[in-house]
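Shown here: query.json, JSON, C-alpha atoms.
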```json
[["chain", "number", "residue", "atom", "x", "y", "z"],
["A", 1121, "MET", "CA", -2.74, -9.83, -22.88],
["A", 1122, "ASN", "CA", -5.60, -8.14, -24.70],
["A", 1123, "GLN", "CA", -5.63, -4.65, -26.17],
["A", 1124, "SER", "CA", -7.92, -3.27, -23.46],
["A", 1125, "VAL", "CA", -5.34, -4.13, -20.81],
["A", 1126, "LEU", "CA", -2.53, -2.49, -22.79],
["A", 1127, "LYS", "CA", -4.65, 0.59, -23.52],
["A", 1128, "VAL", "CA", -5.51, 1.08, -19.85],
["A", 1129, "ALA", "CA", -1.86, 0.59, -18.87],
["A", 1130, "ASP", "CA", -0.91, 3.32, -21.36],
["A", 1131, "LEU", "CA", -3.59, 5.67, -19.97],
["A", 1132, "LEU", "CA", -2.47, 5.20, -16.37],
["A", 1133, "ALA", "CA", 1.22, 5.54, -17.25],
["A", 1134, "SER", "CA", 0.56, 8.80, -19.07],
["A", 1135, "ALA", "CA", -1.59, 10.12, -16.23],
["A", 1136, "GLU", "CA", 1.16, 9.46, -13.70],
["A", 1137, "ALA", "CA", 3.88, 10.93, -15.93],
["A", 1138, "GLU", "CA", 1.85, 14.06, -16.63],
["A", 1139, "CYS", "CA", 0.35, 14.32, -13.09],
["A", 1140, "LYS", "CA", -3.17, 14.48, -14.43],
["A", 1141, "GLN", "CA", -6.49, 12.91, -13.57],
["A", 1142, "ILE", "CA", -8.34, 10.62, -15.95],
["A", 1143, "SER", "CA", -11.85, 9.21, -16.04],
["A", 1144, "PRO", "CA", -12.47, 5.84, -14.36],
["A", 1145, "ILE", "CA", -11.13, 3.01, -16.47],
["A", 1146, "VAL", "CA", -13.53, 0.35, -15.18],
["A", 1147, "SER", "CA", -15.72, 0.72, -18.28],
["A", 1148, "GLN", "CA", -12.80, -0.37, -20.44],
["A", 1149, "LEU", "CA", -12.03, -3.50, -18.42],
["A", 1150, "GLY", "CA", -15.49, -4.45, -17.20],
["A", 1151, "ALA", "CA", -17.10, -3.97, -13.80],
["A", 1152, "GLY", "CA", -15.74, -6.49, -11.33],
["A", 1153, "ASN", "CA", -13.04, -7.71, -13.71],
["A", 1154, "VAL", "CA", -10.36, -8.00, -11.03],
["A", 1155, "GLU", "CA", -8.28, -10.36, -13.17],
["A", 1156, "ALA", "CA", -7.91, -7.77, -15.95],
["A", 1157, "ALA", "CA", -7.14, -5.07, -13.38],
["A", 1158, "TYR", "CA", -4.26, -7.13, -11.98],
["A", 1159, "GLN", "CA", -3.04, -7.71, -15.54],
["A", 1160, "VAL", "CA", -2.84, -3.93, -15.98],
["A", 1161, "GLN", "CA", -0.96, -3.60, -12.70],
["A", 1162, "ALA", "CA", 1.43, -6.39, -13.68],
["A", 1163, "GLU", "CA", 2.08, -4.73, -17.03],
["A", 1164, "LEU", "CA", 2.86, -1.40, -15.37],
["A", 1165, "THR", "CA", 5.12, -3.17, -12.86],
["A", 1166, "ARG", "CA", 6.91, -4.94, -15.72],
["A", 1167, "ARG", "CA", 7.43, -1.62, -17.49],
["A", 1168, "GLY", "CA", 8.80, -0.07, -14.31],
["A", 1169, "VAL", "CA", 11.34, -2.85, -13.83],
["A", 1170, "ALA", "CA", 12.31, -2.69, -17.51],
["A", 1171, "ALA", "CA", 12.93, 1.04, -17.11],
["A", 1172, "GLY", "CA", 15.32, 0.41, -14.22],
["A", 1173, "ARG", "CA", 13.03, 0.77, -11.22],
["A", 1174, "ARG", "CA", 13.71, -1.72, -8.44],
["A", 1175, "LEU", "CA", 10.84, -3.68, -6.91],
["A", 1176, "VAL", "CA", 11.32, -3.77, -3.11],
["A", 1177, "GLY", "CA", 8.02, -5.06, -1.78],
["A", 1178, "ARG", "CA", 4.25, -4.84, -1.83],
["A", 1179, "LYS", "CA", 1.41, -3.02, -0.12],
["A", 1180, "VAL", "CA", -1.91, -4.44, 1.03],
["A", 1181, "GLY", "CA", -5.02, -2.32, 0.63],
["A", 1182, "LEU", "CA", -8.71, -2.59, 1.42],
["A", 1183, "THR", "CA", -8.06, -4.16, 4.83],
["A", 1184, "SER", "CA", -11.11, -2.46, 6.32],
["A", 1185, "LEU", "CA", -14.29, -4.54, 6.10],
["A", 1186, "ALA", "CA", -16.31, -1.33, 5.76],
["A", 1187, "VAL", "CA", -14.30, -0.24, 2.72],
["A", 1188, "GLN", "CA", -14.56, -3.72, 1.20],
["A", 1189, "GLN", "CA", -18.33, -3.56, 1.53],
["A", 1190, "GLN", "CA", -18.33, -0.08, 0.00],
["A", 1191, "LEU", "CA", -16.48, -1.38, -3.07],
["A", 1192, "GLY", "CA", -18.42, -4.63, -3.21],
["A", 1193, "VAL", "CA", -15.47, -6.98, -2.62],
["A", 1194, "SER", "CA", -14.70, -9.67, -0.07],
["A", 1195, "GLU", "CA", -10.90, -9.52, 0.12],
["A", 1196, "PRO", "CA", -8.06, -6.98, 0.13],
["A", 1197, "ASP", "CA", -6.00, -5.91, -2.86],
["A", 1198, "PHE", "CA", -2.29, -5.27, -3.34],
["A", 1199, "GLY", "CA", 0.14, -3.04, -5.19],
["A", 1200, "ALA", "CA", 3.86, -2.82, -5.92],
["A", 1201, "LEU", "CA", 6.47, -0.89, -3.94],
["A", 1202, "PHE", "CA", 9.51, 0.42, -5.79],
["A", 1203, "ALA", "CA", 12.69, 1.75, -4.20],
["A", 1204, "ASP", "CA", 12.04, 5.24, -5.62],
["A", 1205, "MET", "CA", 8.72, 5.38, -3.74],
["A", 1206, "GLU", "CA", 10.39, 5.45, -0.32],
["A", 1207, "ILE", "CA", 10.61, 8.80, 1.49],
["A", 1208, "GLU", "CA", 12.96, 9.08, 4.45],
["A", 1209, "HIS", "CA", 11.55, 9.48, 7.94],
["A", 1210, "LEU", "CA", 11.53, 13.17, 9.06],
["A", 1211, "SER", "CA", 12.07, 14.40, 5.50],
["A", 1212, "SER", "CA", 9.80, 16.06, 2.94],
["A", 1213, "VAL", "CA", 7.85, 14.64, 0.04],
["A", 1214, "SER", "CA", 7.40, 16.81, -3.02],
["A", 1215, "THR", "CA", 3.78, 17.49, -3.94],
["A", 1216, "GLU", "CA", 4.74, 18.41, -7.50],
["A", 1217, "ARG", "CA", 4.64, 14.78, -8.63],
["A", 1218, "LEU", "CA", 1.44, 13.94, -6.77],
["A", 1219, "ILE", "CA", -2.11, 14.50, -8.01],
["A", 1220, "GLN", "CA", -4.57, 14.17, -5.12],
["A", 1221, "PRO", "CA", -2.60, 12.59, -2.26],
["A", 1222, "ARG", "CA", -3.96, 11.09, 0.91],
["A", 1223, "ILE", "CA", -2.08, 9.53, 3.81],
["A", 1224, "GLU", "CA", -2.63, 6.70, 6.28],
["A", 1225, "ALA", "CA", -0.72, 5.00, 9.09],
["A", 1226, "GLU", "CA", 0.31, 1.36, 8.84],
["A", 1227, "VAL", "CA", 2.51, -1.38, 10.24],
["A", 1228, "ALA", "CA", 5.40, -2.34, 7.96],
["A", 1229, "LEU", "CA", 7.15, -5.70, 7.90],
["A", 1230, "VAL", "CA", 10.58, -6.45, 6.47],
["A", 1231, "LEU", "CA", 11.30, -10.08, 5.57],
["A", 1232, "ASP", "CA", 14.53, -12.01, 5.98],
["A", 1233, "ARG", "CA", 13.60, -15.10, 3.95],
["A", 1234, "ASN", "CA", 11.66, -16.03, 0.83],
["A", 1235, "LEU", "CA", 8.00, -17.04, 1.11],
["A", 1236, "ASP", "CA", 7.31, -19.23, -1.91],
["A", 1237, "HIS", "CA", 4.35, -21.38, -0.92],
["A", 1238, "PRO", "CA", 0.65, -20.68, -1.61],
["A", 1239, "ASP", "CA", -0.14, -22.54, 1.62],
["A", 1240, "THR", "CA", 2.34, -20.63, 3.78],
["A", 1241, "THR", "CA", 1.36, -20.90, 7.43],
["A", 1242, "MET", "CA", 1.17, -18.10, 9.97],
["A", 1243, "ALA", "CA", 4.11, -19.68, 11.83],
["A", 1244, "GLU", "CA", 6.22, -19.62, 8.67],
["A", 1245, "LEU", "CA", 5.32, -16.01, 8.02],
["A", 1246, "THR", "CA", 6.13, -15.01, 11.60],
["A", 1247, "ARG", "CA", 9.54, -16.68, 11.43],
["A", 1248, "ALA", "CA", 10.26, -14.87, 8.15],
["A", 1249, "ILE", "CA", 9.81, -11.37, 9.62],
["A", 1250, "ALA", "CA", 13.12, -9.66, 10.37],
["A", 1251, "PHE", "CA", 11.47, -6.69, 12.05],
["A", 1252, "VAL", "CA", 8.39, -4.49, 12.14],
["A", 1253, "ALA", "CA", 8.27, -0.69, 11.96],
["A", 1254, "PRO", "CA", 5.76, 2.16, 11.95],
["A", 1255, "ALA", "CA", 4.93, 3.40, 8.47],
["A", 1256, "LEU", "CA", 3.00, 6.01, 6.53],
["A", 1257, "GLU", "CA", 1.61, 5.25, 3.11],
["A", 1258, "ILE", "CA", 0.91, 8.15, 0.76],
["A", 1259, "VAL", "CA", -1.80, 7.02, -1.61],
["A", 1260, "ASP", "CA", -2.72, 8.85, -4.78],
["A", 1261, "SER", "CA", -5.24, 8.16, -7.50],
["A", 1262, "ARG", "CA", -4.94, 8.90, -11.16],
["A", 1263, "ILE", "CA", -8.74, 8.57, -11.30],
["A", 1264, "THR", "CA", -10.66, 11.86, -11.18],
["A", 1265, "ASP", "CA", -11.82, 12.86, -7.69],
["A", 1266, "TRP", "CA", -11.06, 9.40, -6.29],
["A", 1267, "LYS", "CA", -14.22, 8.03, -7.95],
["A", 1268, "ILE", "CA", -12.82, 4.52, -7.95],
["A", 1269, "SER", "CA", -14.17, 1.01, -8.18],
["A", 1270, "ILE", "CA", -12.17, -2.04, -7.18],
["A", 1271, "VAL", "CA", -11.07, -2.40, -10.81],
["A", 1272, "ASP", "CA", -9.79, 1.18, -10.94],
["A", 1273, "THR", "CA", -7.74, 0.97, -7.76],
["A", 1274, "ILE", "CA", -6.16, -2.43, -8.53],
["A", 1275, "ALA", "CA", -5.14, -1.38, -12.04],
["A", 1276, "ASP", "CA", -3.76, 1.86, -10.57],
["A", 1277, "ASN", "CA", -1.24, -0.02, -8.40],
["A", 1278, "GLY", "CA", -3.56, -0.16, -5.42],
["A", 1279, "SER", "CA", -3.63, 3.66, -5.53],
["A", 1280, "SER", "CA", -0.14, 3.66, -4.04],
["A", 1281, "ALA", "CA", 2.37, 6.49, -4.52],
["A", 1282, "ARG", "CA", 4.96, 6.81, -1.71],
["A", 1283, "TYR", "CA", 5.76, 5.33, 1.68],
["A", 1284, "VAL", "CA", 7.75, 6.26, 4.78],
["A", 1285, "LEU", "CA", 9.30, 3.89, 7.33],
["A", 1286, "GLY", "CA", 10.06, 4.99, 10.85],
["A", 1287, "ASP", "CA", 13.54, 4.44, 12.28],
["A", 1288, "THR", "CA", 12.50, 2.27, 15.22],
["A", 1289, "PHE", "CA", 12.60, -1.43, 14.42],
["A", 1290, "ARG", "CA", 11.06, -4.08, 16.67],
["A", 1291, "ARG", "CA", 11.05, -7.85, 16.73],
["A", 1292, "ILE", "CA", 7.63, -9.30, 16.06],
["A", 1293, "SER", "CA", 7.67, -10.96, 19.49],
["A", 1294, "ASP", "CA", 8.12, -7.61, 21.25],
["A", 1295, "VAL", "CA", 4.88, -5.93, 20.17],
["A", 1296, "ASP", "CA", 1.19, -6.82, 20.19],
["A", 1297, "LEU", "CA", 0.13, -5.84, 16.69],
["A", 1298, "ALA", "CA", -3.55, -6.59, 17.31],
["A", 1299, "THR", "CA", -4.05, -4.18, 20.20],
["A", 1300, "CYS", "CA", -1.46, -1.51, 19.40],
["A", 1301, "GLY", "CA", -3.16, 1.87, 19.28],
["A", 1302, "MET", "CA", -2.40, 4.44, 16.58],
["A", 1303, "ALA", "CA", -2.78, 8.21, 16.50],
["A", 1304, "MET", "CA", -1.89, 10.25, 13.42],
["A", 1305, "THR", "CA", -1.55, 14.02, 13.63],
["A", 1306, "ARG", "CA", -1.56, 16.82, 11.07],
["A", 1307, "ASN", "CA", 0.56, 19.77, 12.24],
["A", 1308, "GLY", "CA", 0.09, 18.46, 15.78],
["A", 1309, "ASP", "CA", -3.68, 17.94, 15.64],
["A", 1310, "VAL", "CA", -5.07, 14.40, 15.73],
["A", 1311, "VAL", "CA", -6.76, 13.51, 12.43],
["A", 1312, "SER", "CA", -6.88, 9.70, 12.51],
["A", 1313, "LEU", "CA", -7.17, 7.11, 15.26],
["A", 1314, "GLY", "CA", -7.04, 3.35, 15.02],
["A", 1315, "ALA", "CA", -5.46, 0.11, 16.12],
["A", 1316, "GLY", "CA", -3.92, -3.05, 14.72],
["A", 1317, "ALA", "CA", -7.23, -4.89, 14.92],
["A", 1318, "ALA", "CA", -8.66, -2.50, 12.29],
["A", 1319, "CYS", "CA", -6.43, -4.22, 9.71],
["A", 1320, "LEU", "CA", -8.35, -7.45, 9.02],
["A", 1321, "GLY", "CA", -8.32, -8.12, 12.75],
["A", 1322, "HIS", "CA", -4.51, -8.29, 12.82],
["A", 1323, "PRO", "CA", -1.83, -6.91, 10.45],
["A", 1324, "LEU", "CA", -0.30, -10.39, 10.10],
["A", 1325, "LYS", "CA", -3.59, -11.70, 8.71],
["A", 1326, "ALA", "CA", -3.33, -9.12, 5.93],
["A", 1327, "ALA", "CA", 0.31, -10.05, 5.36],
["A", 1328, "LEU", "CA", -0.51, -13.77, 5.20],
["A", 1329, "TRP", "CA", -3.24, -13.12, 2.63],
["A", 1330, "LEU", "CA", -0.66, -11.26, 0.53],
["A", 1331, "VAL", "CA", 1.99, -13.97, 0.88],
["A", 1332, "ARG", "CA", -0.40, -16.67, -0.31],
["A", 1333, "LYS", "CA", -1.83, -14.54, -3.12],
["A", 1334, "LEU", "CA", 1.58, -13.65, -4.56],
["A", 1335, "ALA", "CA", 2.97, -17.17, -4.21],
["A", 1336, "ALA", "CA", -0.05, -18.58, -6.04],
["A", 1337, "ALA", "CA", 0.51, -16.02, -8.81],
["A", 1338, "GLY", "CA", 4.16, -17.05, -9.22],
["A", 1339, "ALA", "CA", 5.54, -13.76, -7.88],
["A", 1340, "PRO", "CA", 6.40, -14.57, -4.25],
["A", 1341, "LEU", "CA", 7.78, -12.22, -1.66],
["A", 1342, "ARG", "CA", 11.54, -12.38, -1.16],
["A", 1343, "ALA", "CA", 14.03, -11.79, 1.62],
["A", 1344, "GLY", "CA", 14.46, -8.05, 2.12],
["A", 1345, "ASP", "CA", 11.01, -7.17, 0.83],
["A", 1346, "VAL", "CA", 8.94, -4.50, 2.59],
["A", 1347, "VAL", "CA", 5.28, -5.25, 3.24],
["A", 1348, "LEU", "CA", 2.85, -2.48, 4.12],
["A", 1349, "THR", "CA", 0.05, -4.38, 5.83],
["A", 1350, "GLY", "CA", -2.82, -1.89, 5.53],
["A", 1351, "ALA", "CA", -4.35, 1.11, 7.23],
["A", 1352, "LEU", "CA", -4.84, 1.18, 11.01],
["A", 1353, "GLY", "CA", -7.26, 4.09, 10.79],
["A", 1354, "PRO", "CA", -8.99, 6.40, 8.31],
["A", 1355, "MET", "CA", -6.86, 7.97, 5.58],
["A", 1356, "VAL", "CA", -6.94, 11.75, 5.22],
["A", 1357, "SER", "CA", -6.23, 14.20, 2.41],
["A", 1358, "ALA", "CA", -2.81, 15.86, 2.47],
["A", 1359, "THR", "CA", -1.61, 19.15, 1.02],
["A", 1360, "LYS", "CA", 1.57, 21.21, 0.80],
["A", 1361, "GLY", "CA", 2.85, 22.66, 4.07],
["A", 1362, "GLU", "CA", 1.44, 19.95, 6.31],
["A", 1363, "THR", "CA", 3.42, 17.64, 8.59],
["A", 1364, "TYR", "CA", 2.06, 14.22, 9.46],
["A", 1365, "GLU", "CA", 3.21, 12.02, 12.31],
["A", 1366, "ALA", "CA", 1.87, 8.61, 13.29],
["A", 1367, "ARG", "CA", 2.56, 7.11, 16.69],
["A", 1368, "ILE", "CA", 1.89, 3.40, 17.11],
["A", 1369, "LEU", "CA", 2.00, 1.92, 20.60],
["A", 1370, "GLY", "CA", 5.00, -0.34, 21.01],
["A", 1371, "LEU", "CA", 6.45, 0.58, 17.61],
["A", 1372, "GLY", "CA", 7.33, 4.26, 17.85],
["A", 1373, "SER", "CA", 6.65, 7.09, 15.44],
["A", 1374, "VAL", "CA", 7.10, 8.03, 11.79],
["A", 1375, "GLN", "CA", 6.88, 11.52, 10.30],
["A", 1376, "VAL", "CA", 6.84, 13.23, 6.92],
["A", 1377, "ARG", "CA", 6.24, 16.76, 5.66],
["A", 1378, "PHE", "CA", 4.50, 17.69, 2.42],
["A", 1379, "GLY", "CA", 6.76, 20.30, 0.84]]
```
Represent the structure contained in this file as structure tokens.
Amino acid sequence: MNQSVLKVADLLASAEAECKQISPIVSQLGAGNVEAAYQVQAELTRRGVAAGRRLVGRKVGLTSLAVQQQLGVSEPDFGALFADMEIEHLSSVSTERLIQPRIEAEVALVLDRNLDHPDTTMAELTRAIAFVAPALEIVDSRITDWKISIVDTIADNGSSARYVLGDTFRRISDVDLATCGMAMTRNGDVVSLGAGAACLGHPLKAALWLVRKLAAAGAPLRAGDVVLTGALGPMVSATKGETYEARILGLGSVQVRFG
């Protein structure tokens, strides 16, 4: 691991600890250097585990083709989920430890078996899903004013910060994830609309991409892991005093308040 990777990891760790924004780090790793960006993310994940944080899953990002085109990439990205990132449904998330949070509605999967193979099939993935649930992901960027490139967001853990799982759990066979509509409200007013098809055409397509990517990298998903499959609609900025609720057809609802 080169010194640039370690330096960027130090910068991002300090920015998160001090809740401050920093300039884009792409210039230090090289434009389009996705490999180095994932090395930074892996280093930060390693440090988290070494400090006692527990890795409980992964999130998929950039599942919108429009956003991929905007960032000049042709595939999604991913980030790590730690146990201390989970916020309970119907509870409050503190804004004191967030910098410039935004929020989006997603479908979450929870696995009940390991997925070790880089050529995992859709059938194998489907059989490995214990249940699906509605979810909210709170994203946050350490990069000033969200002026991010693909390198910035990957290094910065996929711009992930917190997540919320609803308390309604469904079997994968009981819901149509491609056509399920989503409406997210802010203090009762609709601020984001979408559907399962907005996530790479189907949330399971995003999940399968993640399974194969992680298995090929030697860090496969395990039984019990949570997978956030990607946004069903546009993300929106969030501030203190606001309550967000996402309702996903066939899955139920999930809610959090920014306190």
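Counting all atoms listed in the file, the residue from A:Ala1186, A:Pro1221, A:Gly1301, A:Val1346 that sits nearest to Ile1263 in chain A is A:Pro1221.
Polymer residues near (0.1, 12.9, -13.0): counting all atoms listed in the file with a cut-off of 12 Å, they are Leu1131, Leu1132, Ala1133, Ser1134, Ala1135, Glu1136, Ala1137, Glu1138, Cys1139, Lys1140, Gln1141, Ile1142, Thr1215, Glu1216, Arg1217, Leu1218, Ile1219, Gln1220, Pro1221, Asp1260, Ser1261, Arg1262, Ile1263, Thr1264, Asp1276 and Ala1281 of chain A.
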| query | So how far away is CA of Val1227 in chain A from CA of Ala1317 in chain A, in Å? | reply | 11.4 Å
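Among the candidates A:Arg1342, A:Arg1174, A:Arg1282, A:Arg1291, the residue lying nearest to Val1252 in chain A is A:Arg1291 (atoms considered: only C-alpha atoms).
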| said: Which residue is closest to Phe1202 in chain A? Choose from A:Val1347, A:Leu1324, A:Ala1298, A:Val1176 and count only C-alpha atoms. | reply: A:Val1176
| query | From the set A:Phe1251, A:Asp1197, A:Ile1274, A:Leu1191, which residue has the shortest atom-to-atom contact distance to Leu1149 in chain A, counting only C-alpha atoms? | reply | A:Ile1274
Contact table range 1136-1224 of chain A vs range 1303-1312 of chain A, cut-off 12 Å, shortest pair per residue, only C-alpha atoms, as JSON lines:
```
{"residue": "A:Arg1222", "atom": "CA", "partner": "A:Arg1306", "partner_atom": "CA", "distance": 11.9}
{"residue": "A:Ile1223", "atom": "CA", "partner": "A:Met1304", "partner_atom": "CA", "distance": 9.6}
{"residue": "A:Glu1224", "atom": "CA", "partner": "A:Met1304", "partner_atom": "CA", "distance": 8.0}
```
| d(CA of Tyr1158 in chain A, CA of Glu1226 in chain A) in Å | 22.9 Å
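Excluding Ser1280 in chain A itself and any same-chain residue fewer than 2 positions from it, the protein and nucleic acid residues within 7 Å of it, counting only C-alpha atoms, are Gly1199, Ile1258, Val1259, Asp1260, Asn1277, Gly1278 and Arg1282 of chain A.
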Limited to C-alpha atoms, could you put the picked residues into a file as a PDB file, in the coordinates of the input?
```
ATOM      1  CA  GLY A1199       0.140  -3.040  -5.190  1.00  0.00           C
ATOM      2  CA  ILE A1258       0.910   8.150   0.760  1.00  0.00           C
ATOM      3  CA  VAL A1259      -1.800   7.020  -1.610  1.00  0.00           C
ATOM      4  CA  ASP A1260      -2.720   8.850  -4.780  1.00  0.00           C
ATOM      5  CA  ASN A1277      -1.240  -0.020  -8.400  1.00  0.00           C
ATOM      6  CA  GLY A1278      -3.560  -0.160  -5.420  1.00  0.00           C
ATOM      7  CA  ARG A1282       4.960   6.810  -1.710  1.00  0.00           C
TER       8      ARG A1282
END
```
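Residue nearest Glu1244 in chain A, chosen from A:Leu1313, A:Val1331, A:Val1374, A:Leu1256 and counting only C-alpha atoms: A:Val1331.
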| request: Give me the residues within 8 Å of range 1164-1170 of chain A as a list in words, counting all atoms listed in the file and dropping any in the same chain fewer than 5 places off. | output: Ala1129, Ala1133, Leu1175 and Ala1200 of chain A
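Nearest to Ala1253 in chain A of all the residues A:Cys1319, A:Val1154, A:Ile1207, A:Leu1297 is A:Leu1297, based on all atoms listed in the file.
Here CA of Val1230 in chain A stands at a distance of 23.6 Å from CA of Arg1377 in chain A.
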| request: Might you pull out every residue within 6 Å of Leu1182 in chain A, with only C-alpha atoms counted and same-chain residues fewer than 2 positions away left off, and present them as a PyMOL selection string? | output: chain A and resi 1184+1188+1196
| query | Can you list, as a VMD selection string, every protein, DNA or RNA residue that comes within 9 Å of Asp1236 in chain A when you count only C-alpha atoms, leaving out same-chain residues fewer than 5 positions away? | reply | chain A and resid 1331 to 1332 1334 to 1336 1338 to 1342
Filled-in N, CA and C atoms of range 1296-1314 of chain A, supplied as a tab-separated table (two decimals), keeping the file's coordinate frame:
```tsv
chain	number	residue	atom	x	y	z
A	1296	ASP	N	2.50	-6.23	20.44
A	1296	ASP	CA	1.19	-6.82	20.19
A	1296	ASP	C	0.54	-6.05	19.06
A	1297	LEU	N	0.61	-6.58	17.85
A	1297	LEU	CA	0.13	-5.84	16.69
A	1297	LEU	C	-1.39	-5.77	16.62
A	1298	ALA	N	-2.08	-6.63	17.34
A	1298	ALA	CA	-3.55	-6.59	17.31
A	1298	ALA	C	-4.10	-5.44	18.14
A	1299	THR	N	-3.50	-5.19	19.29
A	1299	THR	CA	-4.05	-4.18	20.20
A	1299	THR	C	-3.31	-2.85	20.17
A	1300	CYS	N	-2.23	-2.75	19.40
A	1300	CYS	CA	-1.46	-1.51	19.40
A	1300	CYS	C	-2.30	-0.35	18.87
A	1301	GLY	N	-2.40	0.69	19.68
A	1301	GLY	CA	-3.16	1.87	19.28
A	1301	GLY	C	-2.35	2.78	18.38
A	1302	MET	N	-3.05	3.52	17.50
A	1302	MET	CA	-2.40	4.44	16.58
A	1302	MET	C	-3.08	5.79	16.62
A	1303	ALA	N	-2.27	6.84	16.64
A	1303	ALA	CA	-2.78	8.21	16.50
A	1303	ALA	C	-1.94	8.92	15.45
A	1304	MET	N	-2.59	9.49	14.45
A	1304	MET	CA	-1.89	10.25	13.42
A	1304	MET	C	-2.30	11.71	13.53
A	1305	THR	N	-1.30	12.59	13.50
A	1305	THR	CA	-1.55	14.02	13.63
A	1305	THR	C	-1.19	14.76	12.36
A	1306	ARG	N	-1.87	15.88	12.14
A	1306	ARG	CA	-1.56	16.82	11.07
A	1306	ARG	C	-1.18	18.14	11.74
A	1307	ASN	N	0.07	18.55	11.59
A	1307	ASN	CA	0.56	19.77	12.24
A	1307	ASN	C	0.22	19.77	13.73
A	1308	GLY	N	0.30	18.59	14.35
A	1308	GLY	CA	0.09	18.46	15.78
A	1308	GLY	C	-1.33	18.13	16.21
A	1309	ASP	N	-2.29	18.23	15.31
A	1309	ASP	CA	-3.68	17.94	15.64
A	1309	ASP	C	-4.05	16.53	15.19
A	1310	VAL	N	-4.70	15.77	16.05
A	1310	VAL	CA	-5.07	14.40	15.73
A	1310	VAL	C	-6.11	14.38	14.62
A	1311	VAL	N	-5.83	13.60	13.57
A	1311	VAL	CA	-6.76	13.51	12.43
A	1311	VAL	C	-7.18	12.08	12.13
A	1312	SER	N	-6.51	11.10	12.75
A	1312	SER	CA	-6.88	9.70	12.51
A	1312	SER	C	-6.48	8.86	13.71
A	1313	LEU	N	-7.41	8.02	14.15
A	1313	LEU	CA	-7.17	7.11	15.26
A	1313	LEU	C	-7.50	5.70	14.83
A	1314	GLY	N	-6.77	4.72	15.38
A	1314	GLY	CA	-7.04	3.35	15.02
A	1314	GLY	C	-6.22	2.39	15.85
```
